[in-house]
>>> print(open('entry_32.pdb').read())   # PDB, C-alpha atoms and all ligand atoms
ATOM      1  CA  MET M  14     -10.553  -3.716 -22.226  1.00  0.00           C
ATOM      2  CA  SER M  15     -10.279  -2.167 -18.796  1.00  0.00           C
ATOM      3  CA  GLU M  16      -9.603   1.533 -18.484  1.00  0.00           C
ATOM      4  CA  LEU M  17      -6.004   2.595 -18.161  1.00  0.00           C
ATOM      5  CA  LYS M  18      -4.838   4.431 -15.066  1.00  0.00           C
ATOM      6  CA  LEU M  19      -2.534   7.421 -15.086  1.00  0.00           C
ATOM      7  CA  CYS M  20       0.526   7.579 -12.869  1.00  0.00           C
ATOM      8  CA  GLN M  21      -0.120  10.152 -10.141  1.00  0.00           C
ATOM      9  CA  GLY M  22       3.492  11.343 -10.086  1.00  0.00           C
ATOM     10  CA  PRO M  23       3.304  15.129 -10.579  1.00  0.00           C
ATOM     11  CA  GLU M  24       6.425  15.082 -12.777  1.00  0.00           C
ATOM     12  CA  CYS M  25       6.037  11.681 -14.430  1.00  0.00           C
ATOM     13  CA  HIS M  26       5.985  13.287 -17.894  1.00  0.00           C
ATOM     14  CA  GLN M  27       9.314  15.020 -17.213  1.00  0.00           C
ATOM     15  CA  HIS M  28      11.230  11.739 -17.171  1.00  0.00           C
ATOM     16  CA  GLN M  29      12.382  11.403 -20.760  1.00  0.00           C
ATOM     17  CA  THR M  30      12.113   7.667 -21.355  1.00  0.00           C
ATOM     18  CA  LYS M  31      11.242   6.007 -24.674  1.00  0.00           C
ATOM     19  CA  ASP M  32       8.005   4.522 -23.335  1.00  0.00           C
ATOM     20  CA  ARG M  33       6.731   7.998 -22.342  1.00  0.00           C
ATOM     21  CA  LEU M  34       7.329   9.448 -25.820  1.00  0.00           C
ATOM     22  CA  LYS M  35       3.904   9.227 -27.517  1.00  0.00           C
ATOM     23  CA  GLY M  36       1.832  10.786 -30.234  1.00  0.00           C
ATOM     24  CA  PRO M  37       1.859  11.160 -34.029  1.00  0.00           C
ATOM     25  CA  LYS M  38       5.232  10.779 -35.694  1.00  0.00           C
ATOM     26  CA  ASP M  39       5.792  14.509 -36.265  1.00  0.00           C
ATOM     27  CA  ASN M  40       4.437  15.633 -32.881  1.00  0.00           C
ATOM     28  CA  LYS M  41       5.628  13.261 -30.169  1.00  0.00           C
ATOM     29  CA  THR M  42       5.624  14.449 -26.550  1.00  0.00           C
ATOM     30  CA  TYR M  43       6.756  12.932 -23.269  1.00  0.00           C
ATOM     31  CA  GLN M  44       3.561  11.943 -21.449  1.00  0.00           C
ATOM     32  CA  THR M  45       2.393  10.645 -18.089  1.00  0.00           C
ATOM     33  CA  ARG M  46       2.572   6.846 -18.036  1.00  0.00           C
ATOM     34  CA  ARG M  47      -0.701   4.954 -18.579  1.00  0.00           C
ATOM     35  CA  ARG M  48      -1.121   1.360 -17.461  1.00  0.00           C
ATOM     36  CA  SER M  49      -3.820  -1.074 -16.403  1.00  0.00           C
ATOM     37  CA  GLY M  50      -2.067  -1.164 -13.025  1.00  0.00           C
ATOM     38  CA  PHE M  51       0.990   0.078 -11.174  1.00  0.00           C
ATOM     39  CA  TYR M  52       3.263  -1.675  -8.699  1.00  0.00           C
ATOM     40  CA  TYR M  53       3.893   1.244  -6.349  1.00  0.00           C
ATOM     41  CA  GLY M  54       1.962   3.366  -3.884  1.00  0.00           C
ATOM     42  CA  ASN M  55      -1.172   1.238  -3.705  1.00  0.00           C
ATOM     43  CA  ASN M  56      -1.473   1.029  -7.508  1.00  0.00           C
ATOM     44  CA  ASN M  57      -1.046   4.781  -8.071  1.00  0.00           C
ATOM     45  CA  PHE M  58       2.561   5.239  -9.215  1.00  0.00           C
ATOM     46  CA  CYS M  59       4.665   3.838 -12.062  1.00  0.00           C
ATOM     47  CA  SER M  60       7.859   3.978  -9.991  1.00  0.00           C
ATOM     48  CA  THR M  61       9.228   4.740  -6.546  1.00  0.00           C
ATOM     49  CA  TRP M  62      10.627   7.922  -8.131  1.00  0.00           C
ATOM     50  CA  CYS M  63       7.115   9.175  -9.014  1.00  0.00           C
ATOM     51  CA  GLN M  64       5.845   8.093  -5.595  1.00  0.00           C
ATOM     52  CA  ALA M  65       8.635  10.027  -3.860  1.00  0.00           C
ATOM     53  CA  GLN M  66       7.955  13.124  -5.961  1.00  0.00           C
ATOM     54  CA  TRP M  67       4.284  12.980  -5.009  1.00  0.00           C
ATOM     55  CA  PHE M  68       5.204  12.690  -1.337  1.00  0.00           C
ATOM     56  CA  ASN M  69       7.721  15.535  -1.545  1.00  0.00           C
ATOM     57  CA  LYS M  70       5.041  17.779  -3.028  1.00  0.00           C
ATOM     58  CA  PHE M  71       1.922  16.670  -1.068  1.00  0.00           C
ATOM     59  CA  GLY M  72       3.065  14.509   1.862  1.00  0.00           C
ATOM     60  CA  ASP M  73       3.045  17.168   4.570  1.00  0.00           C
ATOM     61  CA  ARG M  74      -0.480  18.245   3.643  1.00  0.00           C
ATOM     62  CA  ALA M  75      -1.657  14.614   3.578  1.00  0.00           C
ATOM     63  CA  ILE M  76      -0.179  13.917   7.027  1.00  0.00           C
ATOM     64  CA  ASP M  77      -1.729  17.078   8.457  1.00  0.00           C
ATOM     65  CA  HIS M  78      -5.082  16.138   6.905  1.00  0.00           C
ATOM     66  CA  PHE M  79      -5.169  12.577   8.259  1.00  0.00           C
ATOM     67  CA  GLY M  80      -3.478  13.281  11.591  1.00  0.00           C
ATOM     68  CA  ARG M  81       0.134  13.916  12.416  1.00  0.00           C
ATOM     69  CA  THR M  82       1.721  11.778  15.131  1.00  0.00           C
ATOM     70  CA  THR M  83       2.485  14.173  17.978  1.00  0.00           C
ATOM     71  CA  GLU M  84       3.289  11.781  20.817  1.00  0.00           C
ATOM     72  CA  VAL M  85       5.581   8.778  21.139  1.00  0.00           C
ATOM     73  CA  LYS M  86       3.683   5.486  20.829  1.00  0.00           C
ATOM     74  CA  HIS M  87       4.578   2.495  22.989  1.00  0.00           C
ATOM     75  CA  LEU M  88       4.211  -1.168  22.086  1.00  0.00           C
ATOM     76  CA  THR M  89       2.414  -2.901  24.970  1.00  0.00           C
ATOM     77  CA  GLU M  90       0.498  -6.161  25.465  1.00  0.00           C
ATOM     78  CA  GLN M  91      -2.698  -4.200  24.770  1.00  0.00           C
ATOM     79  CA  ASN M  92      -1.704  -3.043  21.263  1.00  0.00           C
ATOM     80  CA  ALA M  93       0.755  -5.720  20.109  1.00  0.00           C
ATOM     81  CA  TRP M  94      -1.757  -7.919  18.225  1.00  0.00           C
ATOM     82  CA  THR M  95      -1.035  -8.606  14.555  1.00  0.00           C
ATOM     83  CA  LYS M  96      -2.706 -10.990  12.122  1.00  0.00           C
ATOM     84  CA  ASP M  97      -0.923 -13.924  10.532  1.00  0.00           C
ATOM     85  CA  TYR M  98      -1.700 -17.284   8.986  1.00  0.00           C
ATOM     86  CA  ASP M  99      -0.197 -20.683   8.319  1.00  0.00           C
ATOM     87  CA  TRP M 100      -0.324 -21.408   4.626  1.00  0.00           C
ATOM     88  CA  ARG M 101      -1.877 -24.745   3.652  1.00  0.00           C
ATOM     89  CA  ALA M 102      -1.238 -26.111   0.195  1.00  0.00           C
ATOM     90  CA  SER M 103      -4.070 -28.644  -0.020  1.00  0.00           C
ATOM     91  CA  ALA M 104      -7.450 -27.456  -1.284  1.00  0.00           C
ATOM     92  CA  ASP M 105      -9.455 -29.320   1.376  1.00  0.00           C
ATOM     93  CA  ASP M 106      -7.523 -27.782   4.271  1.00  0.00           C
ATOM     94  CA  SER M 107      -7.851 -23.986   4.456  1.00  0.00           C
ATOM     95  CA  HIS M 108      -5.151 -21.708   5.827  1.00  0.00           C
ATOM     96  CA  ARG M 109      -5.122 -21.325   9.605  1.00  0.00           C
ATOM     97  CA  TYR M 110      -5.625 -17.641  10.530  1.00  0.00           C
ATOM     98  CA  TYR M 111      -4.705 -16.227  13.919  1.00  0.00           C
ATOM     99  CA  PHE M 112      -3.803 -13.185  15.977  1.00  0.00           C
ATOM    100  CA  ILE M 113      -0.387 -13.214  17.603  1.00  0.00           C
ATOM    101  CA  ASN M 114       0.666 -10.858  20.360  1.00  0.00           C
ATOM    102  CA  GLY M 115       4.124  -9.404  19.690  1.00  0.00           C
ATOM    103  CA  ILE M 116       4.861  -9.077  23.411  1.00  0.00           C
ATOM    104  CA  THR M 117       3.371 -12.204  24.988  1.00  0.00           C
ATOM    105  CA  LYS M 118       3.465 -14.428  21.829  1.00  0.00           C
ATOM    106  CA  GLU M 119      -0.087 -15.583  22.713  1.00  0.00           C
ATOM    107  CA  GLN M 120      -2.082 -16.786  19.687  1.00  0.00           C
ATOM    108  CA  ARG M 121      -5.845 -16.572  19.182  1.00  0.00           C
ATOM    109  CA  PRO M 122      -7.726 -18.124  16.244  1.00  0.00           C
ATOM    110  CA  LEU M 123      -9.351 -15.965  13.554  1.00  0.00           C
ATOM    111  CA  THR M 124     -11.813 -16.681  10.788  1.00  0.00           C
ATOM    112  CA  GLU M 125     -10.779 -15.821   7.251  1.00  0.00           C
ATOM    113  CA  ALA M 126     -13.397 -13.025   7.217  1.00  0.00           C
ATOM    114  CA  GLN M 127     -11.932 -11.525  10.403  1.00  0.00           C
ATOM    115  CA  TYR M 128      -8.447 -11.808   8.907  1.00  0.00           C
ATOM    116  CA  ASN M 129      -9.557  -9.874   5.803  1.00  0.00           C
ATOM    117  CA  ASP M 130     -11.482  -7.222   7.784  1.00  0.00           C
ATOM    118  CA  ASN M 131      -9.052  -4.291   8.131  1.00  0.00           C
ATOM    119  CA  ASN M 132     -11.150  -2.828  10.962  1.00  0.00           C
ATOM    120  CA  TYR M 133     -11.171  -6.020  13.051  1.00  0.00           C
ATOM    121  CA  THR M 134      -8.490  -5.877  15.741  1.00  0.00           C
ATOM    122  CA  LEU M 135      -7.851  -6.897  19.332  1.00  0.00           C
ATOM    123  CA  ASN M 136      -5.707  -3.822  19.873  1.00  0.00           C
ATOM    124  CA  GLU M 137      -6.897  -1.099  22.204  1.00  0.00           C
ATOM    125  CA  ARG M 138      -6.897   2.238  20.430  1.00  0.00           C
TER     126      ARG M 138
HETATM  127 ZN    ZN M 201       5.116   7.964 -13.097  1.00  0.00          ZN
END
>>> encode(input="entry_32.pdb", output="C-alpha cells")
Amino acid sequence: MSELKLCQGPECHQHQTKDRLKGPKDNKTYQTRRRSGFYYGNNNFCSTWCQAQWFNKFGDRAIDHFGRTTEVKHLTEQNAWTKDYDWRASADDSHRYYFINGITKEQRPLTEAQYNDNNYTLNER
C-alpha cells in the first residue's frame, strides 16, 4: 500500500467533520486528513478551504521567496506562444502537438517530448 499524504492545510484538523474524527473509541480527536492523493493545490490539500488557509498564512512569504511581480507584463508576439494538441482517438494515430501564438495565431509543430517538457518554450523571457 502506498504511503498516505497529509493535507498541508495549517488548520485542517480544526474543521470538525466526521471523517476527521479518529482514534480509539474513548479518545477520538479531530485530525489532519490523510489520503493517498488530494485534488487541490498540486496534490497537497484536501479542499480549497485548506488551500486558501495555507495561502493566507504563507502566500506572501512564498511570493517574496520566488519573486514578486513588480512590473506590468505585456502580451506580445514574442511571448504569446502556448502549447496545445489535437486529440486523436485511434491508437495508430498519435495526438498532434503544436505551439500556437496567441497574437498571430501561427502554429508550429511540436514533438510529444517537447510538449511534455515544461522548460521548452518559444517565448522570449
Ligand atoms: Zn485539509
>>> resolve_selection(input="entry_32.pdb", expression="the PyMOL selection byres (((not hetatm)) within 8 of (chain M and resi 201))", output="ChimeraX atom specification")
/M:19-26,45-46,58-60,62-64
>>> resolve_selection(input="entry_32.pdb", expression="the PyMOL selection byres (((chain M and resi 48) around 6) and not hetatm)", output="ChimeraX atom specification")
/M:17-18,47,49-50
>>> atom_distance(input="entry_32.pdb", atom1="atom CA of M:Arg101", atom2="atom CA of M:Glu119")
21.2 Å
>>> atom_distance(input="entry_32.pdb", atom1="atom CA of M:Tyr110", atom2="atom CA of M:Asn129")
9.9 Å
>>> axis_aligned_box(input="entry_32.pdb", around="stretch 60-69 of chain M", padding_each_side="3 Å", output="JSON")
{"center_x": 7.5, "center_y": 9.8, "center_z": -5.7, "size_x": 12.3, "size_y": 17.6, "size_z": 14.7}
>>> atom_distance(input="entry_32.pdb", atom1="atom CA of M:Gly36", atom2="atom CA of M:Tyr52")
24.9 Å
>>> residues_near_point(input="entry_32.pdb", point="(-3.2, -5.1, 26.0)", cutoff="9 Å", atoms="all atoms listed in the file", output="list of chain:residue names")
M:Thr89, M:Glu90, M:Gln91, M:Asn92, M:Ala93, M:Trp94, M:Asn114, M:Leu135, M:Asn136, M:Glu137
>>> residues_around(input="entry_32.pdb", residues="M:His108", least_positions_apart="6", cutoff="10 Å", atoms="only C-alpha atoms", output="PyMOL selection string")
chain M and resi 98-102+124-125
>>> closest_residue(input="entry_32.pdb", among="M:Lys96, M:Gln66, M:Leu123, M:Tyr53", to="M:His28", atoms="all atoms listed in the file")
M:Gln66
>>> resolve_selection(input="entry_32.pdb", expression="the PyMOL selection byres (((chain M and resi 32) around 10) and not hetatm)", output="ChimeraX atom specification")
/M:29-31,33-35,43-47
>>> decode(input="entry_32.pdb", residues="chain M", atoms="C-alpha atoms", output="mmCIF file, in the first residue's frame")
data_model
loop_
_atom_site.group_PDB
_atom_site.id
_atom_site.type_symbol
_atom_site.label_atom_id
_atom_site.label_comp_id
_atom_site.auth_asym_id
_atom_site.auth_seq_id
_atom_site.Cartn_x
_atom_site.Cartn_y
_atom_site.Cartn_z
ATOM 1 C CA MET M 14 0.000 0.000 0.000
ATOM 2 C CA SER M 15 1.335 3.418 -0.881
ATOM 3 C CA GLU M 16 2.066 5.888 1.878
ATOM 4 C CA LEU M 17 -0.684 8.293 2.795
ATOM 5 C CA LYS M 18 -0.150 12.018 2.416
ATOM 6 C CA LEU M 19 -1.209 14.606 4.952
ATOM 7 C CA CYS M 20 -3.194 17.666 3.950
ATOM 8 C CA GLN M 21 -0.915 20.699 4.231
ATOM 9 C CA GLY M 22 -3.716 22.985 5.416
ATOM 10 C CA PRO M 23 -2.437 24.530 8.671
ATOM 11 C CA GLU M 24 -5.912 24.314 10.236
ATOM 12 C CA CYS M 25 -7.214 21.159 8.562
ATOM 13 C CA HIS M 26 -7.704 19.472 11.951
ATOM 14 C CA GLN M 27 -9.878 22.367 13.152
ATOM 15 C CA HIS M 28 -12.667 21.536 10.709
ATOM 16 C CA GLN M 29 -14.916 19.279 12.751
ATOM 17 C CA THR M 30 -16.108 16.768 10.171
ATOM 18 C CA LYS M 31 -16.915 13.104 10.850
ATOM 19 C CA ASP M 32 -14.115 11.843 8.604
ATOM 20 C CA ARG M 33 -11.512 13.813 10.613
ATOM 21 C CA LEU M 34 -12.637 12.326 13.941
ATOM 22 C CA LYS M 35 -10.187 9.446 14.544
ATOM 23 C CA GLY M 36 -8.663 7.368 17.277
ATOM 24 C CA PRO M 37 -9.738 4.831 19.912
ATOM 25 C CA LYS M 38 -13.383 4.938 20.908
ATOM 26 C CA ASP M 39 -12.813 6.733 24.226
ATOM 27 C CA ASN M 40 -10.184 9.164 22.912
ATOM 28 C CA LYS M 41 -11.196 10.416 19.475
ATOM 29 C CA THR M 42 -9.675 13.657 18.172
ATOM 30 C CA TYR M 43 -10.173 15.742 15.050
ATOM 31 C CA GLN M 44 -7.096 15.108 12.900
ATOM 32 C CA THR M 45 -5.449 16.334 9.719
ATOM 33 C CA ARG M 46 -6.861 14.460 6.725
ATOM 34 C CA ARG M 47 -4.747 11.606 5.320
ATOM 35 C CA ARG M 48 -5.227 10.342 1.782
ATOM 36 C CA SER M 49 -3.308 8.620 -0.990
ATOM 37 C CA GLY M 50 -3.853 11.803 -3.006
ATOM 38 C CA PHE M 51 -5.587 15.165 -2.933
ATOM 39 C CA TYR M 52 -7.430 17.055 -5.652
ATOM 40 C CA TYR M 53 -6.288 20.570 -4.766
ATOM 41 C CA GLY M 54 -3.097 22.601 -4.777
ATOM 42 C CA ASN M 55 -0.962 20.208 -6.802
ATOM 43 C CA ASN M 56 -1.942 17.212 -4.644
ATOM 44 C CA ASN M 57 -1.243 18.964 -1.325
ATOM 45 C CA PHE M 58 -4.656 19.995 0.025
ATOM 46 C CA CYS M 59 -7.879 18.143 0.850
ATOM 47 C CA SER M 60 -10.034 21.147 -0.064
ATOM 48 C CA THR M 61 -9.932 24.654 -1.484
ATOM 49 C CA TRP M 62 -10.605 25.805 2.096
ATOM 50 C CA CYS M 63 -7.333 24.248 3.344
ATOM 51 C CA GLN M 64 -5.506 25.584 0.287
ATOM 52 C CA ALA M 65 -6.806 29.106 0.952
ATOM 53 C CA GLN M 66 -5.817 28.906 4.620
ATOM 54 C CA TRP M 67 -2.302 27.872 3.629
ATOM 55 C CA PHE M 68 -2.081 30.790 1.210
ATOM 56 C CA ASN M 69 -3.437 33.261 3.765
ATOM 57 C CA LYS M 70 -0.760 32.163 6.225
ATOM 58 C CA PHE M 71 2.253 31.601 3.900
ATOM 59 C CA GLY M 72 1.421 33.099 0.492
ATOM 60 C CA ASP M 73 3.165 36.445 0.902
ATOM 61 C CA ARG M 74 6.376 34.758 2.038
ATOM 62 C CA ALA M 75 6.192 32.278 -0.859
ATOM 63 C CA ILE M 76 5.711 35.071 -3.415
ATOM 64 C CA ASP M 77 8.590 37.070 -1.944
ATOM 65 C CA HIS M 78 10.780 33.949 -1.988
ATOM 66 C CA PHE M 79 10.088 33.022 -5.619
ATOM 67 C CA GLY M 80 9.849 36.561 -6.989
ATOM 68 C CA ARG M 81 7.101 39.111 -6.715
ATOM 69 C CA THR M 82 5.815 40.665 -9.938
ATOM 70 C CA THR M 83 6.816 44.325 -9.758
ATOM 71 C CA GLU M 84 6.181 45.485 -13.319
ATOM 72 C CA VAL M 85 3.237 45.171 -15.688
ATOM 73 C CA LYS M 86 3.732 42.368 -18.225
ATOM 74 C CA HIS M 87 2.605 42.763 -21.829
ATOM 75 C CA LEU M 88 1.429 40.023 -24.170
ATOM 76 C CA THR M 89 3.343 40.395 -27.448
ATOM 77 C CA GLU M 90 4.114 38.184 -30.458
ATOM 78 C CA GLN M 91 7.398 37.276 -28.746
ATOM 79 C CA ASN M 92 5.814 35.791 -25.598
ATOM 80 C CA ALA M 93 2.373 34.654 -26.789
ATOM 81 C CA TRP M 94 3.292 31.011 -27.547
ATOM 82 C CA THR M 95 1.283 28.319 -25.764
ATOM 83 C CA LYS M 96 1.222 24.558 -26.263
ATOM 84 C CA ASP M 97 -1.838 22.668 -27.438
ATOM 85 C CA TYR M 98 -2.747 19.437 -29.177
ATOM 86 C CA ASP M 99 -5.427 17.845 -31.308
ATOM 87 C CA TRP M 100 -6.700 14.736 -29.608
ATOM 88 C CA ARG M 101 -6.733 11.583 -31.744
ATOM 89 C CA ALA M 102 -8.828 8.652 -30.630
ATOM 90 C CA SER M 103 -7.220 5.898 -32.705
ATOM 91 C CA ALA M 104 -4.205 4.091 -31.263
ATOM 92 C CA ASP M 105 -2.219 4.138 -34.522
ATOM 93 C CA ASP M 106 -2.528 7.906 -34.951
ATOM 94 C CA SER M 107 -0.911 9.885 -32.119
ATOM 95 C CA HIS M 108 -2.131 13.283 -30.966
ATOM 96 C CA ARG M 109 -0.858 16.231 -32.994
ATOM 97 C CA TYR M 110 1.106 18.607 -30.720
ATOM 98 C CA TYR M 111 1.809 22.214 -31.630
ATOM 99 C CA PHE M 112 2.659 25.704 -30.446
ATOM 100 C CA ILE M 113 0.112 28.397 -31.201
ATOM 101 C CA ASN M 114 0.814 32.101 -30.974
ATOM 102 C CA GLY M 115 -1.986 33.929 -29.148
ATOM 103 C CA ILE M 116 -1.380 37.124 -31.129
ATOM 104 C CA THR M 117 -0.610 35.956 -34.669
ATOM 105 C CA LYS M 118 -2.414 32.546 -34.453
ATOM 106 C CA GLU M 119 0.635 30.986 -36.185
ATOM 107 C CA GLN M 120 1.074 27.271 -35.418
ATOM 108 C CA ARG M 121 4.339 25.330 -35.237
ATOM 109 C CA PRO M 122 4.585 21.547 -34.789
ATOM 110 C CA LEU M 123 5.919 20.004 -31.568
ATOM 111 C CA THR M 124 7.015 16.522 -30.617
ATOM 112 C CA GLU M 125 5.287 14.878 -27.680
ATOM 113 C CA ALA M 126 8.541 15.147 -25.677
ATOM 114 C CA GLN M 127 8.724 18.896 -26.351
ATOM 115 C CA TYR M 128 5.064 19.228 -25.374
ATOM 116 C CA ASN M 129 5.736 17.498 -22.033
ATOM 117 C CA ASP M 130 8.949 19.459 -21.331
ATOM 118 C CA ASN M 131 7.872 22.339 -19.057
ATOM 119 C CA ASN M 132 11.105 24.214 -19.823
ATOM 120 C CA TYR M 133 10.705 24.041 -23.614
ATOM 121 C CA THR M 134 9.199 27.265 -24.948
ATOM 122 C CA LEU M 135 9.402 29.615 -27.912
ATOM 123 C CA ASN M 136 8.687 32.581 -25.667
ATOM 124 C CA GLU M 137 11.378 35.163 -25.068
ATOM 125 C CA ARG M 138 11.942 35.631 -21.360
#
